[in-house]
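Asker: my_file04.txt is the file, holding compact mmCIF, C-alpha atoms:
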# COMPACT_ATOMS: atom_id res chain seq x y z
CA MET L 153 -164.65 37.11 1.02
CA ARG L 154 -163.62 33.68 2.28
CA VAL L 155 -160.47 32.23 0.74
CA ALA L 156 -158.41 29.16 1.56
CA LEU L 157 -154.98 28.09 0.38
CA VAL L 158 -155.53 24.35 0.66
CA PRO L 159 -153.91 22.39 -2.19
CA ASP L 160 -154.31 18.95 -0.60
CA LEU L 161 -157.46 17.19 -1.87
CA MET L 162 -158.11 15.40 1.43
CA ASP L 163 -157.92 18.70 3.30
CA ARG L 164 -160.18 20.36 0.74
CA SER L 165 -162.83 17.69 1.26
CA ARG L 166 -162.93 18.66 4.92
CA LEU L 167 -163.98 22.18 3.92
CA ASN L 168 -166.98 21.07 1.86
CA GLY L 169 -170.15 22.81 2.91
CA ILE L 170 -168.58 26.16 3.77
CA ALA L 171 -170.56 28.61 1.67
CA ASP L 172 -168.84 30.93 -0.78
CA LEU L 173 -165.37 29.58 -0.03
CA VAL L 174 -162.81 30.21 -2.76
CA ILE L 175 -160.03 27.62 -2.72
CA VAL L 176 -156.65 28.29 -4.31
CA ASN L 177 -153.70 25.96 -4.95
CA SER L 178 -150.64 28.12 -4.29
CA ALA L 179 -149.34 31.10 -2.38
CA ALA L 180 -149.03 32.97 -5.68
CA ALA L 181 -152.70 32.31 -6.46
CA LEU L 182 -153.67 33.51 -2.98
CA GLU L 183 -151.68 36.69 -3.39
CA ALA L 184 -153.37 37.26 -6.77
CA VAL L 185 -156.78 37.48 -5.06
CA THR L 186 -157.13 41.25 -5.00
CA GLY L 187 -158.55 43.44 -2.30
CA LEU L 188 -158.16 41.12 0.70
CA GLY L 189 -158.39 43.11 3.90
CA ALA L 190 -160.71 43.95 6.77
CA GLY L 191 -163.76 41.71 6.89
CA ASP L 192 -162.19 38.92 4.86
CA VAL L 193 -161.38 35.49 6.29
CA VAL L 194 -158.41 33.61 4.89
CA ALA L 195 -157.10 30.14 5.75
CA VAL L 196 -153.58 29.11 4.81
CA ASP L 197 -151.75 25.79 4.82
CA LEU L 198 -148.50 27.13 6.22
CA SER L 199 -146.53 24.13 4.99
CA ARG L 200 -146.77 25.32 1.38
CA ASP L 201 -143.96 27.25 -0.32
CA GLY L 202 -144.33 30.98 0.22
CA ALA L 203 -147.50 30.61 2.28
CA LEU L 204 -146.13 32.05 5.51
CA GLU L 205 -144.96 35.25 3.89
CA VAL L 206 -148.20 35.77 1.94
CA ALA L 207 -150.29 35.04 5.05
CA GLY L 208 -148.35 37.68 6.96
CA ARG L 209 -148.91 40.29 4.26
CA ILE L 210 -152.64 39.56 4.12
CA ALA L 211 -152.91 39.73 7.92
CA ALA L 212 -151.08 43.08 7.85
CA ALA L 213 -153.72 44.32 5.37
CA GLY L 214 -156.40 43.68 8.00
CA ALA L 215 -157.87 40.33 6.98
CA THR L 216 -158.50 37.65 9.58
CA VAL L 217 -155.98 34.94 8.70
CA PHE L 218 -156.00 31.42 10.12
CA GLY L 219 -152.92 29.36 9.43
CA PHE L 220 -152.40 25.68 10.06
CA ALA L 221 -149.41 23.37 10.13
CA SER L 222 -148.31 20.13 11.71
CA HIS L 223 -148.49 20.20 15.49
CA VAL L 224 -144.77 19.34 15.58
CA ASP L 225 -143.83 22.37 13.44
CA GLY L 226 -143.64 24.78 16.34
CA ASP L 227 -141.24 27.15 14.59
CA THR L 228 -143.66 27.79 11.74
CA LEU L 229 -146.61 28.20 14.10
CA ARG L 230 -144.69 30.69 16.27
CA GLU L 231 -143.44 32.65 13.27
CA ALA L 232 -146.95 32.83 11.82
CA ASN L 233 -148.36 34.11 15.12
CA ALA L 234 -145.63 36.76 15.21
CA LEU L 235 -146.79 37.91 11.75
CA GLY L 236 -150.38 38.35 12.94
CA VAL L 237 -151.68 35.00 11.69
CA ASN L 238 -153.93 32.98 14.00
CA ALA L 239 -151.83 29.83 13.70
CA MET L 240 -152.83 26.44 15.03
CA ALA L 241 -152.23 22.75 14.57
CA ARG L 242 -153.85 21.21 11.49
CA SER L 243 -156.23 19.09 13.60
CA ALA L 244 -157.39 22.13 15.59
CA PHE L 245 -158.03 24.10 12.41
CA PHE L 246 -160.13 21.42 10.74
CA GLY L 247 -162.00 20.75 13.97
CA ARG L 248 -163.00 24.42 14.10
CA ALA L 249 -163.16 25.32 10.39
CA PRO L 250 -166.95 25.78 10.13
CA GLU L 251 -167.00 28.24 13.04
CA LEU L 252 -163.86 30.06 11.86
CA PHE L 253 -165.43 30.91 8.51
CA ASN L 254 -168.70 32.13 10.03
Would you mind writing the structure in this file as structure tokens?
Answerer:
Amino acid sequence: MRVALVPDLMDRSRLNGIADLVIVNSAAALEAVTGLGAGDVVAVDLSRDGALEVAGRIAAAGATVFGFASHVDGDTLREANALGVNAMARSAFFGRAPELFN
């Protein structure tokens, strides 16, 4: 399964064309997607409330999790990496999104 927590409409438009991508609006909605684990690819806007914690739990379950945040938010990026999330600057994520989901 491919799932993305990307509430921002401009960011969502940058993900158009990625087949079978399920987009959710909140960390709670992401956590409600059942059965995420090995073989799944999840992208998370780490700037959203609760997103960091949910991303860490999903990564711990074995899913491949990519997180993105502002390039100046080093604390969030470091914390996400420590939780097993492949965290990167927003621009890097959207530049690589098609390859990350394939």
Asker: Pick from L:Arg166, L:Arg154, L:Arg242, L:Arg248: nearest to L:Leu198, with all atoms listed in the file counted?
Answerer: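 Checking each of L:Arg166, L:Arg154, L:Arg242, L:Arg248 against L:Leu198, counting all atoms listed in the file, the winner is L:Arg242.
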Asker: Compile the contact shell of stretch 219-226 of chain L as an NGL selection string: residues with an atom at most 9 Å away, counting only C-alpha atoms, same-chain residues fewer than 2 positions apart removed.
Answerer: :L and (194-199 or 204 or 207 or 217 or 228-233 or 237-246)
Asker: Between atom CA of L:Glu205 and atom CA of L:Val185, what distance in Å does the model show, to one decimal?
Answerer: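 If I compute the distance from atom CA of L:Glu205 to atom CA of L:Val185, I get 15.0 Å.
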Asker: Just checking: using all atoms listed in the file, which residue out of L:Leu252, L:Ile175, L:Leu167, L:Val155 ends up closest to L:Ile210?
Answerer: L:Val155
Asker: Of the candidates L:Gly202, L:Asn254, L:Ala215, L:Ala249, which one gets nearest to L:Asn168 if we count all atoms listed in the file?
Answerer: L:Ala249
Asker: Just how far from atom CA of L:Ala181 is atom CA of L:Pro250, in Å to one decimal?
Answerer: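 Separating atom CA of L:Pro250 from atom CA of L:Ala181 is a distance of 22.8 Å.
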Asker: Given all atoms listed in the file as the basis, pick out the residue of L:Glu183, L:Asp160, L:Asp172, L:Asp227 nearest to L:Arg200.
Answerer: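 Closest to L:Arg200, using all atoms listed in the file: L:Asp160.
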Asker: Of the candidates L:Leu235, L:Ala203, L:Met153, L:Leu161, which shows the shortest atom-to-atom distance to L:Ala180, using only C-alpha atoms?
Answerer: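 Looking only at the distances to L:Ala180, the closest residue turns out to be L:Ala203.
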Asker: Please enclose the listed atoms of stretch 230-246 of chain L in an axis-aligned box, pad each side by 6 Å, and write out the centre and the three edge lengths in Å, rounded to one decimal, as lines of an AutoDock Vina configuration file.
Answerer:
center_x = -151.8
center_y = 28.7
center_z = 13.5
size_x = 28.7
size_y = 31.3
size_z = 17.5
Asker: Grab the atom CA of L:Leu182 to atom CA of L:Gly169 distance for me, in Å with one decimal place.
Answerer: 20.5 Å
Asker: Fewer than 5 positions away in the same chain doesn't count, so skip those; otherwise give me all residues within 8 Å of L:Gly236, counting all atoms listed in the file, as a PyMOL selection string.
Answerer: chain L and resi 208+211-212+217
Asker: Using the partial input, fill out stretch 175-199 of chain L with N, CA and C atoms; write the result as a compact mmCIF listing (two decimals), in the frame of the given file.
Answerer:
# COMPACT_ATOMS: atom_id res chain seq x y z
N ILE L 175 -161.22 28.40 -3.05
CA ILE L 175 -160.03 27.62 -2.72
C ILE L 175 -158.98 27.82 -3.81
N VAL L 176 -157.76 28.11 -3.38
CA VAL L 176 -156.65 28.29 -4.31
C VAL L 176 -155.57 27.25 -4.02
N ASN L 177 -154.70 27.03 -5.02
CA ASN L 177 -153.70 25.96 -4.95
C ASN L 177 -152.31 26.40 -4.54
N SER L 178 -152.02 27.69 -4.55
CA SER L 178 -150.64 28.12 -4.29
C SER L 178 -150.64 29.48 -3.60
N ALA L 179 -149.50 29.80 -3.00
CA ALA L 179 -149.34 31.10 -2.38
C ALA L 179 -149.46 32.21 -3.42
N ALA L 180 -148.93 31.97 -4.61
CA ALA L 180 -149.03 32.97 -5.68
C ALA L 180 -150.48 33.22 -6.06
N ALA L 181 -151.28 32.16 -6.13
CA ALA L 181 -152.70 32.31 -6.46
C ALA L 181 -153.44 33.06 -5.35
N LEU L 182 -153.06 32.80 -4.10
CA LEU L 182 -153.67 33.51 -2.98
C LEU L 182 -153.33 34.99 -3.05
N GLU L 183 -152.10 35.29 -3.32
CA GLU L 183 -151.68 36.69 -3.39
C GLU L 183 -152.35 37.40 -4.56
N ALA L 184 -152.72 36.66 -5.59
CA ALA L 184 -153.37 37.26 -6.77
C ALA L 184 -154.83 37.63 -6.50
N VAL L 185 -155.42 37.10 -5.43
CA VAL L 185 -156.78 37.48 -5.06
C VAL L 185 -156.71 38.92 -4.56
N THR L 186 -157.30 39.83 -5.31
CA THR L 186 -157.13 41.25 -5.00
C THR L 186 -158.11 41.75 -3.95
N GLY L 187 -157.67 42.74 -3.23
CA GLY L 187 -158.55 43.44 -2.30
C GLY L 187 -158.77 42.76 -0.96
N LEU L 188 -157.97 41.77 -0.59
CA LEU L 188 -158.16 41.12 0.70
C LEU L 188 -157.77 42.08 1.81
N GLY L 189 -158.65 42.21 2.79
CA GLY L 189 -158.39 43.11 3.90
C GLY L 189 -159.45 42.93 4.97
N ALA L 190 -159.76 44.00 5.66
CA ALA L 190 -160.71 43.95 6.77
C ALA L 190 -162.02 43.30 6.34
N GLY L 191 -162.51 42.40 7.16
CA GLY L 191 -163.76 41.71 6.89
C GLY L 191 -163.60 40.40 6.15
N ASP L 192 -162.44 40.17 5.57
CA ASP L 192 -162.19 38.92 4.86
C ASP L 192 -161.61 37.88 5.81
N VAL L 193 -161.91 36.61 5.51
CA VAL L 193 -161.38 35.49 6.29
C VAL L 193 -160.58 34.61 5.35
N VAL L 194 -159.33 34.36 5.73
CA VAL L 194 -158.41 33.61 4.89
C VAL L 194 -157.81 32.48 5.71
N ALA L 195 -157.75 31.29 5.12
CA ALA L 195 -157.10 30.14 5.75
C ALA L 195 -155.92 29.73 4.89
N VAL L 196 -154.81 29.39 5.55
CA VAL L 196 -153.58 29.11 4.81
C VAL L 196 -152.90 27.87 5.37
N ASP L 197 -152.59 26.93 4.47
CA ASP L 197 -151.75 25.79 4.82
C ASP L 197 -150.32 26.31 4.85
N LEU L 198 -149.81 26.50 6.04
CA LEU L 198 -148.50 27.13 6.22
C LEU L 198 -147.34 26.27 5.75
N SER L 199 -147.61 25.01 5.44
CA SER L 199 -146.53 24.13 4.99
C SER L 199 -146.20 24.32 3.51
